[in-house]
$ cat target30.txt   # compact mmCIF, C-alpha atoms
# COMPACT_ATOMS: atom_id res chain seq x y z
CA MET J 99 183.56 13.22 131.27
CA LYS J 100 187.05 12.23 130.29
CA VAL J 101 189.88 12.58 132.80
CA GLU J 102 192.10 14.14 130.14
CA PHE J 103 189.71 17.12 130.12
CA ILE J 104 189.65 17.54 133.90
CA ASN J 105 193.32 17.16 134.85
CA PRO J 106 194.57 20.22 132.91
CA PHE J 107 192.08 22.43 134.80
CA ILE J 108 193.16 20.99 138.16
CA ALA J 109 196.84 21.50 137.37
CA SER J 110 196.25 25.02 136.05
CA LEU J 111 194.21 26.09 139.10
CA LYS J 112 196.88 24.83 141.51
CA ASN J 113 199.64 26.45 139.44
CA VAL J 114 197.96 29.84 139.10
CA ILE J 115 197.00 30.16 142.77
CA GLY J 116 200.35 28.75 143.92
CA THR J 117 202.38 31.05 141.66
CA MET J 118 200.33 34.24 141.89
CA ALA J 119 199.23 34.07 145.53
CA ALA J 120 201.64 31.58 147.16
CA ILE J 121 198.71 29.47 148.39
CA GLU J 122 198.83 25.70 148.12
CA LEU J 123 195.51 24.09 147.23
CA HIS J 124 194.65 20.45 147.95
CA SER J 125 192.11 18.83 145.63
CA GLN J 126 189.37 16.54 146.81
CA LYS J 127 187.67 13.87 144.71
CA PRO J 128 185.48 15.11 141.85
CA ALA J 129 181.72 14.82 142.25
CA LYS J 130 178.76 15.25 139.95
CA LYS J 131 176.98 18.56 140.55
CA THR J 132 173.22 18.53 140.15
CA ASP J 133 172.25 22.07 141.14
CA GLU J 134 173.23 25.60 140.10
CA ARG J 135 174.08 26.95 143.57
CA ALA J 136 177.62 28.26 143.94
CA ARG J 137 179.55 26.93 146.93
CA GLY J 138 181.39 30.20 147.63
CA GLU J 139 180.84 33.95 147.46
CA VAL J 140 182.46 34.99 144.16
CA SER J 141 182.66 33.09 140.85
CA GLY J 142 184.24 33.49 137.46
CA ILE J 143 182.50 31.62 134.63
CA ILE J 144 184.02 31.22 131.17
CA GLY J 145 182.77 29.52 128.02
CA MET J 146 184.91 27.41 125.70
CA ILE J 147 184.10 26.47 122.12
CA GLY J 148 186.02 24.68 119.41
CA PRO J 149 185.73 21.94 116.79
CA GLN J 150 185.82 19.10 119.35
CA VAL J 151 184.89 20.99 122.52
CA LYS J 152 181.95 23.03 123.75
CA GLY J 153 181.84 23.66 127.47
CA SER J 154 182.32 26.00 130.36
CA MET J 155 184.42 26.33 133.46
CA ALA J 156 183.60 28.11 136.69
CA ILE J 157 185.90 28.86 139.59
CA THR J 158 184.29 29.89 142.85
CA PHE J 159 186.17 31.22 145.85
CA ASP J 160 184.86 31.50 149.35
CA ALA J 161 185.26 35.02 150.71
CA LYS J 162 188.18 34.06 152.97
CA LEU J 163 190.27 32.66 150.10
CA ALA J 164 189.43 35.53 147.72
CA LYS J 165 190.55 38.06 150.35
CA ASN J 166 193.75 36.08 151.02
CA ILE J 167 194.58 35.93 147.31
CA MET J 168 194.14 39.72 147.08
CA LYS J 169 196.32 40.22 150.15
CA ASN J 170 199.08 37.96 148.84
CA MET J 171 199.02 39.36 145.30
CA LEU J 172 198.65 43.08 146.04
CA GLY J 173 199.68 43.39 149.67
CA GLU J 174 196.32 44.99 150.43
CA GLU J 175 193.71 43.72 152.84
CA THR J 176 190.10 43.94 151.79
CA GLN J 177 187.05 43.58 153.98
CA ALA J 178 184.49 42.82 151.28
CA ILE J 179 184.01 41.22 147.88
CA ASP J 180 184.35 44.53 146.03
CA ASP J 181 185.12 45.50 142.41
CA GLU J 182 188.85 44.87 142.90
CA VAL J 183 188.21 41.33 144.15
CA ARG J 184 185.78 40.68 141.28
CA ASP J 185 188.39 41.93 138.78
CA MET J 186 190.99 39.64 140.35
CA VAL J 187 188.60 36.67 140.04
CA GLY J 188 188.13 37.51 136.36
CA GLU J 189 191.89 37.50 135.83
CA MET J 190 192.25 34.21 137.75
CA THR J 191 189.49 32.69 135.59
CA ASN J 192 191.29 33.72 132.39
CA MET J 193 194.65 32.41 133.62
CA ILE J 194 193.25 29.08 134.84
CA CYS J 195 191.29 28.42 131.65
CA GLY J 196 194.22 29.63 129.53
CA GLY J 197 196.59 27.22 131.26
CA ALA J 198 194.18 24.33 130.70
CA LYS J 199 193.71 25.43 127.07
CA ASN J 200 197.48 25.21 126.48
CA ALA J 201 197.67 21.74 128.05
CA LEU J 202 194.67 20.51 126.07
CA ALA J 203 196.17 21.86 122.84
CA GLU J 204 199.04 19.40 123.35
CA GLN J 205 196.36 16.65 123.18
CA ASN J 206 194.98 18.18 119.95
CA TYR J 207 191.91 19.73 121.59
CA GLN J 208 191.50 23.28 120.35
CA PHE J 209 189.03 25.85 121.66
CA GLU J 210 188.53 29.57 122.06
CA MET J 211 187.68 31.20 125.37
CA ALA J 212 184.92 33.72 125.94
CA THR J 213 185.22 36.72 128.24
CA PRO J 214 184.63 35.63 131.85
CA VAL J 215 181.44 36.60 133.64
CA ILE J 216 181.81 37.38 137.34
CA VAL J 217 179.00 36.69 139.79
CA SER J 218 179.12 37.33 143.53
CA GLY J 219 176.98 37.28 146.62
CA ALA J 220 175.74 34.66 149.03
CA ASN J 221 173.81 31.84 147.34
CA HIS J 222 174.46 33.07 143.78
CA THR J 223 174.01 30.61 140.94
CA ILE J 224 176.24 29.35 138.16
CA GLN J 225 174.62 28.51 134.86
CA HIS J 226 176.66 26.43 132.45
CA LYS J 227 175.40 27.00 128.90
CA VAL J 228 175.97 23.39 127.86
CA ASP J 229 173.90 20.22 128.23
CA GLY J 230 176.60 17.87 129.51
CA PRO J 231 177.17 16.73 133.09
CA LYS J 232 178.70 19.13 135.60
CA ILE J 233 181.70 18.04 137.64
CA ILE J 234 182.71 19.92 140.81
CA LEU J 235 185.99 19.65 142.65
CA THR J 236 186.66 21.18 146.05
CA PHE J 237 190.10 22.60 146.77
CA THR J 238 191.04 23.24 150.38
CA SER J 239 193.77 25.34 151.96
CA ASP J 240 194.49 26.98 155.27
CA LYS J 241 193.52 30.28 153.57
CA GLY J 242 190.04 29.15 152.43
CA ASN J 243 188.40 26.98 149.79
CA ALA J 244 187.90 27.08 146.03
CA TYR J 245 185.44 25.13 143.89
CA LEU J 246 186.12 24.24 140.28
CA GLU J 247 183.21 23.31 138.02
CA ILE J 248 183.62 21.91 134.54
CA SER J 249 180.91 21.03 132.06
CA PHE J 250 181.22 19.83 128.46
CA ASP J 251 178.53 18.91 125.94
CA ASN J 252 178.24 15.19 125.46
$ encode --input "target30.txt" --output "structure tokens"
Amino acid sequence: MKVEFINPFIASLKNVIGTMAAIELHSQKPAKKTDERARGEVSGIIGMIGPQVKGSMAITFDAKLAKNIMKNMLGEETQAIDDEVRDMVGEMTNMICGGAKNALAEQNYQFEMATPVIVSGANHTIQHKVDGPKIILTFTSDKGNAYLEISFDN
């Protein structure tokens, strides 16, 4: 997978969480993901399709980070991954993918985004609907962790 595809997603994730929730994320090295198990408790998955691109992106938050984002954005504490948290993850997924889409458009990569699908619960799975390799990046913070997965058809 080309670095020029990955970097816009990294930058967008850090920007969205930093701007919307005032949480600084630190990225770790990317790794190839070989299973479908999510690393956190709530995920947003979004498909992307265009003339040069067919892929998907997933953002998974551990429960601690998802609750901290809700607290920082809305000033409300939540005890569980409820409908409000799932809605927030859907909005984050749209904003992160949208930011990457804008950056990739500057490199002449055009694609449309599907509506995000939200999945939650311990040990849930993420199914990318493309045949290419899956890359996962871990993002750490003092408020919890996030996991970004990107997959594009070869």
$ closest_residue --input "target30.txt" --among "J:Thr191, J:Gln205, J:Asn166, J:Asn113" --to "Ser154 in chain J" --atoms "all atoms listed in the file"
J:Thr191
$ atom_distance --input "target30.txt" --atom1 "CA of Asp229 in chain J" --atom2 "CA of Pro149 in chain J"
16.5 Å
$ residues_around --input "target30.txt" --residues "Thr176 in chain J" --least-positions-apart "3" --cutoff "12 Å" --atoms "all atoms listed in the file" --output "PyMOL selection string"
chain J and resi 161-173+179-184
$ residues_near_point --input "target30.txt" --point "(178.8, 21.7, 126.6)" --cutoff "6 Å" --atoms "all atoms listed in the file" --output "NGL selection string"
:J and (152-153 or 228-230 or 249-251)
$ residues_near_point --input "target30.txt" --point "(191.9, 23.9, 131.3)" --cutoff "10 Å" --atoms "only C-alpha atoms" --output "PyMOL selection string"
chain J and resi 102-111+146+154-155+192-203+248
$ residues_around --input "target30.txt" --residues "Ala212 in chain J" --least-positions-apart "4" --cutoff "9 Å" --atoms "all atoms listed in the file" --output "list of chain:residue names"
J:Ile144, J:Gly145, J:Met146, J:Ile147
$ atom_distance --input "target30.txt" --atom1 "CA of Gly142 in chain J" --atom2 "CA of Gly219 in chain J"
12.3 Å
$ atom_distance --input "target30.txt" --atom1 "CA of Gly242 in chain J" --atom2 "CA of Ile157 in chain J"
13.5 Å
$ axis_aligned_box --input "target30.txt" --around "range 150-169 of chain J" --padding-each-side "6 Å" --output "JSON"
{"center_x": 189.1, "center_y": 29.7, "center_z": 136.2, "size_x": 26.5, "size_y": 33.1, "size_z": 45.6}
$ closest_residue --input "target30.txt" --among "J:Ile224, J:Leu246, J:Ala178, J:Ile216" --to "Glu134 in chain J" --atoms "only C-alpha atoms"
J:Ile224
$ closest_residue --input "target30.txt" --among "J:Gln225, J:Ser141, J:Gln208, J:Ser125" --to "Asp185 in chain J" --atoms "only C-alpha atoms"
J:Ser141
$ closest_residue --input "target30.txt" --among "J:Ile143, J:Met211, J:Leu235, J:Met190" --to "Ala119 in chain J" --atoms "all atoms listed in the file"
J:Met190
$ closest_residue --input "target30.txt" --among "J:Pro214, J:Gly116, J:His226, J:Gln126" --to "Met186 in chain J" --atoms "all atoms listed in the file"
J:Pro214
$ closest_residue --input "target30.txt" --among "J:Val151, J:Thr132, J:Val187, J:Asn206" --to "Val114 in chain J" --atoms "only C-alpha atoms"
J:Val187
$ decode --input "target30.txt" --residues "range 138-168 of chain J" --atoms "N, CA, C and O atoms" --output "JSON list (two decimals), in the first residue's frame"
[["chain", "number", "residue", "atom", "x", "y", "z"],
["J", 138, "GLY", "N", -10.66, -2.53, 19.71],
["J", 138, "GLY", "CA", -11.35, -1.72, 20.71],
["J", 138, "GLY", "C", -12.80, -2.15, 20.82],
["J", 138, "GLY", "O", -13.19, -3.22, 20.34],
["J", 139, "GLU", "N", -13.61, -1.29, 21.42],
["J", 139, "GLU", "CA", -15.01, -1.64, 21.71],
["J", 139, "GLU", "C", -16.05, -1.05, 20.76],
["J", 139, "GLU", "O", -17.18, -1.51, 20.74],
["J", 140, "VAL", "N", -15.67, -0.02, 19.99],
["J", 140, "VAL", "CA", -16.65, 0.57, 19.07],
["J", 140, "VAL", "C", -15.92, 1.04, 17.81],
["J", 140, "VAL", "O", -14.88, 1.68, 17.89],
["J", 141, "SER", "N", -16.48, 0.66, 16.65],
["J", 141, "SER", "CA", -15.83, 0.94, 15.36],
["J", 141, "SER", "C", -16.79, 1.59, 14.38],
["J", 141, "SER", "O", -17.97, 1.26, 14.35],
["J", 142, "GLY", "N", -16.23, 2.47, 13.57],
["J", 142, "GLY", "CA", -16.92, 3.02, 12.42],
["J", 142, "GLY", "C", -16.20, 2.53, 11.17],
["J", 142, "GLY", "O", -14.98, 2.62, 11.08],
["J", 143, "ILE", "N", -16.94, 1.98, 10.23],
["J", 143, "ILE", "CA", -16.37, 1.43, 9.00],
["J", 143, "ILE", "C", -17.02, 2.15, 7.83],
["J", 143, "ILE", "O", -18.25, 2.31, 7.80],
["J", 144, "ILE", "N", -16.20, 2.59, 6.87],
["J", 144, "ILE", "CA", -16.74, 3.33, 5.73],
["J", 144, "ILE", "C", -16.06, 2.88, 4.45],
["J", 144, "ILE", "O", -14.86, 2.67, 4.42],
["J", 145, "GLY", "N", -16.86, 2.68, 3.41],
["J", 145, "GLY", "CA", -16.34, 2.29, 2.11],
["J", 145, "GLY", "C", -16.02, 3.51, 1.26],
["J", 145, "GLY", "O", -16.60, 4.58, 1.44],
["J", 146, "MET", "N", -15.07, 3.32, 0.35],
["J", 146, "MET", "CA", -14.66, 4.38, -0.57],
["J", 146, "MET", "C", -14.54, 3.77, -1.96],
["J", 146, "MET", "O", -13.95, 2.70, -2.12],
["J", 147, "ILE", "N", -15.11, 4.45, -2.95],
["J", 147, "ILE", "CA", -15.01, 3.94, -4.32],
["J", 147, "ILE", "C", -14.89, 5.10, -5.29],
["J", 147, "ILE", "O", -15.55, 6.13, -5.14],
["J", 148, "GLY", "N", -14.01, 4.91, -6.26],
["J", 148, "GLY", "CA", -13.78, 5.92, -7.29],
["J", 148, "GLY", "C", -13.05, 5.29, -8.46],
["J", 148, "GLY", "O", -12.76, 4.10, -8.46],
["J", 149, "PRO", "N", -12.72, 6.09, -9.47],
["J", 149, "PRO", "CA", -12.07, 5.56, -10.67],
["J", 149, "PRO", "C", -10.73, 4.88, -10.39],
["J", 149, "PRO", "O", -10.42, 3.86, -10.99],
["J", 150, "GLN", "N", -9.94, 5.43, -9.45],
["J", 150, "GLN", "CA", -8.63, 4.84, -9.15],
["J", 150, "GLN", "C", -8.60, 4.13, -7.80],
["J", 150, "GLN", "O", -7.59, 3.52, -7.46],
["J", 151, "VAL", "N", -9.66, 4.23, -7.03],
["J", 151, "VAL", "CA", -9.62, 3.78, -5.64],
["J", 151, "VAL", "C", -10.86, 2.95, -5.31],
["J", 151, "VAL", "O", -11.97, 3.35, -5.62],
["J", 152, "LYS", "N", -10.65, 1.80, -4.69],
["J", 152, "LYS", "CA", -11.73, 1.06, -4.07],
["J", 152, "LYS", "C", -11.17, 0.53, -2.76],
["J", 152, "LYS", "O", -10.17, -0.19, -2.74],
["J", 153, "GLY", "N", -11.77, 0.94, -1.66],
["J", 153, "GLY", "CA", -11.22, 0.53, -0.37],
["J", 153, "GLY", "C", -12.18, 0.80, 0.76],
["J", 153, "GLY", "O", -13.34, 1.14, 0.56],
["J", 154, "SER", "N", -11.66, 0.65, 1.96],
["J", 154, "SER", "CA", -12.44, 0.96, 3.15],
["J", 154, "SER", "C", -11.51, 1.39, 4.27],
["J", 154, "SER", "O", -10.32, 1.09, 4.27],
["J", 155, "MET", "N", -12.10, 2.13, 5.18],
["J", 155, "MET", "CA", -11.40, 2.62, 6.36],
["J", 155, "MET", "C", -12.24, 2.27, 7.58],
["J", 155, "MET", "O", -13.47, 2.33, 7.52],
["J", 156, "ALA", "N", -11.57, 1.88, 8.64],
["J", 156, "ALA", "CA", -12.26, 1.65, 9.91],
["J", 156, "ALA", "C", -11.50, 2.38, 11.00],
["J", 156, "ALA", "O", -10.26, 2.39, 11.00],
["J", 157, "ILE", "N", -12.23, 3.00, 11.89],
["J", 157, "ILE", "CA", -11.63, 3.60, 13.07],
["J", 157, "ILE", "C", -12.28, 2.95, 14.28],
["J", 157, "ILE", "O", -13.50, 2.88, 14.37],
["J", 158, "THR", "N", -11.45, 2.41, 15.14],
["J", 158, "THR", "CA", -11.93, 1.73, 16.34],
["J", 158, "THR", "C", -11.41, 2.47, 17.56],
["J", 158, "THR", "O", -10.23, 2.83, 17.62],
["J", 159, "PHE", "N", -12.28, 2.71, 18.51],
["J", 159, "PHE", "CA", -11.90, 3.36, 19.76],
["J", 159, "PHE", "C", -12.05, 2.37, 20.90],
["J", 159, "PHE", "O", -13.05, 1.63, 20.95],
["J", 160, "ASP", "N", -11.10, 2.39, 21.83],
["J", 160, "ASP", "CA", -11.37, 1.63, 23.04],
["J", 160, "ASP", "C", -12.39, 2.43, 23.84],
["J", 160, "ASP", "O", -12.63, 3.61, 23.59],
["J", 161, "ALA", "N", -13.06, 1.76, 24.76],
["J", 161, "ALA", "CA", -14.17, 2.39, 25.49],
["J", 161, "ALA", "C", -13.70, 3.65, 26.22],
["J", 161, "ALA", "O", -14.42, 4.67, 26.22],
["J", 162, "LYS", "N", -12.52, 3.61, 26.81],
["J", 162, "LYS", "CA", -12.02, 4.77, 27.56],
["J", 162, "LYS", "C", -11.90, 6.00, 26.66],
["J", 162, "LYS", "O", -12.34, 7.09, 27.03],
["J", 163, "LEU", "N", -11.32, 5.84, 25.47],
["J", 163, "LEU", "CA", -11.16, 6.99, 24.57],
["J", 163, "LEU", "C", -12.51, 7.47, 24.06],
["J", 163, "LEU", "O", -12.77, 8.67, 24.02],
["J", 164, "ALA", "N", -13.40, 6.56, 23.68],
["J", 164, "ALA", "CA", -14.72, 6.96, 23.19],
["J", 164, "ALA", "C", -15.46, 7.78, 24.25],
["J", 164, "ALA", "O", -16.06, 8.82, 23.94],
["J", 165, "LYS", "N", -15.40, 7.35, 25.48],
["J", 165, "LYS", "CA", -16.06, 8.09, 26.57],
["J", 165, "LYS", "C", -15.42, 9.45, 26.80],
["J", 165, "LYS", "O", -16.11, 10.44, 27.06],
["J", 166, "ASN", "N", -14.08, 9.52, 26.68],
["J", 166, "ASN", "CA", -13.39, 10.80, 26.84],
["J", 166, "ASN", "C", -13.71, 11.76, 25.70],
["J", 166, "ASN", "O", -13.83, 12.97, 25.92],
["J", 167, "ILE", "N", -13.84, 11.25, 24.48],
["J", 167, "ILE", "CA", -14.21, 12.11, 23.36],
["J", 167, "ILE", "C", -15.60, 12.70, 23.61],
["J", 167, "ILE", "O", -15.83, 13.90, 23.43],
["J", 168, "MET", "N", -16.54, 11.85, 24.03],
["J", 168, "MET", "CA", -17.90, 12.33, 24.33],
["J", 168, "MET", "C", -17.86, 13.40, 25.41],
["J", 168, "MET", "O", -18.52, 14.44, 25.29]]
